[in-house]
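Here the structure is laid out as structure tokens; the discussion comes afterwards.
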Amino acid sequence: MQEQTAIPSSCDYSGNRLLAKLPREVHHRLSEESERVLLPAGGLLATAGQPVRTVYFPIDSVMSLVHTDVDGTTIQVGMVGPEGMLGIGACLNGMHGAGALVLAAGQAYKLSARLVRDLFNADATLRDVLLVYASVLLGQAWQIAICNRHHPPERQLCTLLLLVLDRSPRAELAMTHDLIARLIGVRRETVSQAAMRIQERGYVRYSRGHIRVLDRGGLERQACGCYLRQRVLLSNFGR
């Protein structure tokens, strides 16, 4: 994928809530090697089982963590936005536990995995924050597993859209029915039918791979309980 370096700016890290939790001296060390980049929608940032060489801390971009089975079936197992980071495996076993693609285009801080790993080993505050965040990602995966097993596609679709909206400042998302079907593990036709129903209710407007949210409250009423559970999980981490 192509990455475009954004306009140079100060690295105060206020745009990423995980980084904002860290001490000033850690910020200073990170700023020496960080780069602010623009990530286009659809870009592949990681492949499961591959070494983590680069770590991303989203500012207003959103990434989907995906797992692909041996038969090629892909499903979402987590989501990363301004609350967290992509590449936590750099501090654990050195490998990506899941693939990652950009759901919503935007900016992120890009750092070498080596630097983050070295600071993880040297700084107790950073280590504590990242370990708590790792537990948040695990909680996401558990909730998604329940959602995929027990909730109808229409509610899953509403929940997915809301989780992206919570992490992105934009009300329009570039997500095709084919991509959504891969993320929630259903057929494309099933997603098209679900999208048509929520569009008929006036919650969204869909056109050529772009979904514009018109009635967020309607989406929240239609979403499954997993949405509120995921929000609680993230808000607890944000304290």
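Chain lettering (A, B, ...) mirrors the order of the structure tokens, residue numbering begins at 1 for each chain separately, and ligand numbering begins at 1 in order of display.
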Determine, counting only C-alpha atoms, which protein, DNA and RNA residues have an atom within 12 Å of an atom of A:Leu162; residues of the same chain fewer than 5 positions away are not included. Present the result as number ranges by chain. A: 79, 155-157, 167-173, 203-204, 211-213, 215-228, 230-231
I need the helix (DSSP H, G or I) residues of stretch 83-235 of chain A per DSSP on the backbone, written as an NGL selection string. :A and (88-91 or 113-122 or 124-150 or 153-167 or 177-184 or 188-200 or 216-222 or 226-235)
Prev. selection, C-alpha atoms, output as a compact mmCIF listing (two decimals), in the first residue's frame:
```txt
# COMPACT_ATOMS: atom_id res chain seq x y z
CA ILE A 88 1.13 -4.88 19.94
CA GLY A 89 2.79 -8.15 18.96
CA ALA A 90 6.11 -6.29 18.77
CA CYS A 91 6.13 -6.29 22.58
CA ALA A 113 8.76 -1.89 16.20
CA ARG A 114 12.29 -2.06 17.57
CA LEU A 115 11.96 1.30 19.32
CA VAL A 116 8.57 0.45 20.83
CA ARG A 117 9.85 -2.94 22.00
CA ASP A 118 12.93 -1.40 23.61
CA LEU A 119 10.83 1.19 25.45
CA PHE A 120 8.37 -1.53 26.50
CA ASN A 121 11.21 -3.41 28.16
CA ALA A 122 12.71 -0.28 29.74
CA ALA A 124 7.22 0.41 33.41
CA THR A 125 4.48 2.93 32.58
CA LEU A 126 4.55 2.13 28.88
CA ARG A 127 4.63 -1.57 29.67
CA ASP A 128 1.58 -1.34 31.95
CA VAL A 129 -0.41 0.71 29.41
CA LEU A 130 0.32 -1.67 26.54
CA LEU A 131 -0.48 -4.77 28.58
CA VAL A 132 -3.84 -3.31 29.56
CA TYR A 133 -4.48 -2.46 25.91
CA ALA A 134 -3.62 -6.04 24.93
CA SER A 135 -6.38 -7.18 27.30
CA VAL A 136 -8.78 -4.74 25.59
CA LEU A 137 -8.04 -6.33 22.22
CA LEU A 138 -8.65 -9.76 23.71
CA GLY A 139 -11.98 -8.57 25.13
CA GLN A 140 -12.93 -7.28 21.68
CA ALA A 141 -12.22 -10.66 20.11
CA TRP A 142 -14.39 -12.45 22.68
CA GLN A 143 -17.28 -10.06 22.12
CA ILE A 144 -17.04 -10.37 18.34
CA ALA A 145 -17.09 -14.17 18.63
CA ILE A 146 -20.36 -13.97 20.59
CA CYS A 147 -21.80 -11.45 18.15
CA ASN A 148 -21.01 -13.56 15.08
CA ARG A 149 -22.52 -16.65 16.65
CA HIS A 150 -25.76 -15.25 18.08
CA PRO A 153 -26.51 -9.72 10.21
CA GLU A 154 -28.61 -6.55 10.29
CA ARG A 155 -27.71 -5.89 13.92
CA GLN A 156 -24.09 -6.84 13.31
CA LEU A 157 -23.94 -4.36 10.44
CA CYS A 158 -25.28 -1.53 12.61
CA THR A 159 -22.80 -2.40 15.35
CA LEU A 160 -19.91 -2.47 12.88
CA LEU A 161 -20.81 0.94 11.44
CA LEU A 162 -21.13 2.47 14.91
CA LEU A 163 -17.78 1.09 16.06
CA VAL A 164 -16.10 2.69 13.04
CA LEU A 165 -17.98 5.97 13.57
CA ASP A 166 -16.86 6.11 17.20
CA ARG A 167 -13.26 6.10 16.00
CA HIS A 177 -20.85 -4.83 0.78
CA ASP A 178 -18.17 -7.34 -0.15
CA LEU A 179 -15.80 -6.00 2.52
CA ILE A 180 -18.52 -5.93 5.18
CA ALA A 181 -19.47 -9.51 4.32
CA ARG A 182 -15.86 -10.58 4.87
CA LEU A 183 -15.67 -8.76 8.19
CA ILE A 184 -18.82 -10.26 9.73
CA ARG A 188 -22.43 -10.60 0.25
CA GLU A 189 -26.12 -10.98 -0.62
CA THR A 190 -26.93 -11.15 3.09
CA VAL A 191 -25.14 -7.84 3.69
CA SER A 192 -26.88 -6.23 0.71
CA GLN A 193 -30.27 -7.20 2.12
CA ALA A 194 -29.37 -5.93 5.60
CA ALA A 195 -28.02 -2.66 4.17
CA MET A 196 -31.19 -2.19 2.14
CA ARG A 197 -33.36 -2.56 5.24
CA ILE A 198 -31.46 0.02 7.30
CA GLN A 199 -31.40 2.35 4.30
CA GLU A 200 -35.19 2.03 3.91
CA ARG A 216 -27.01 7.64 14.23
CA GLY A 217 -29.73 7.21 16.85
CA GLY A 218 -31.54 4.80 14.55
CA LEU A 219 -28.39 2.75 14.13
CA GLU A 220 -27.92 2.62 17.90
CA ARG A 221 -31.48 1.37 18.41
CA GLN A 222 -30.97 -1.33 15.80
CA CYS A 226 -22.35 -5.94 21.66
CA TYR A 227 -22.01 -2.31 20.65
CA LEU A 228 -22.60 -1.03 24.18
CA ARG A 229 -20.30 -3.69 25.62
CA GLN A 230 -17.52 -2.65 23.25
CA ARG A 231 -18.03 1.01 24.18
CA VAL A 232 -17.74 0.16 27.88
CA LEU A 233 -14.57 -1.81 27.18
CA LEU A 234 -12.97 1.16 25.43
CA SER A 235 -14.19 3.76 27.91
```
Can you tell me how far atom CA of A:Ala48 sits from atom CA of A:Met85, in Å to one decimal?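 Distance reported for this atom pair: 15.6 Å.
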Using only C-alpha atoms, which residues sit within 9 Å of stretch 92-103 of chain A once same-chain residues fewer than 2 positions away are excluded, as a PyMOL selection string? chain A and resi 39-53+61-68+77-79+86-90+105-106+113+117+164+173-175
Given the choices A:Thr74, A:Ser14, A:Ser34, A:Gln107, which gets closest to A:Asp60 if the distance is worked out from only C-alpha atoms? A:Gln107
Among stretch 5-160 of chain A, which ones does DSSP place in strand (DSSP E or B), written as number ranges by chain? A: 5, 35-39, 44-46, 51, 54-58, 62-68, 74-80, 86, 95, 99-104, 106-112
What does the distance from atom CA of A:Arg29 to atom CA of A:Ser112 come to in Å, to one decimal?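 Computing the Euclidean distance for atom CA of A:Arg29 and atom CA of A:Ser112 yields 12.1 Å.
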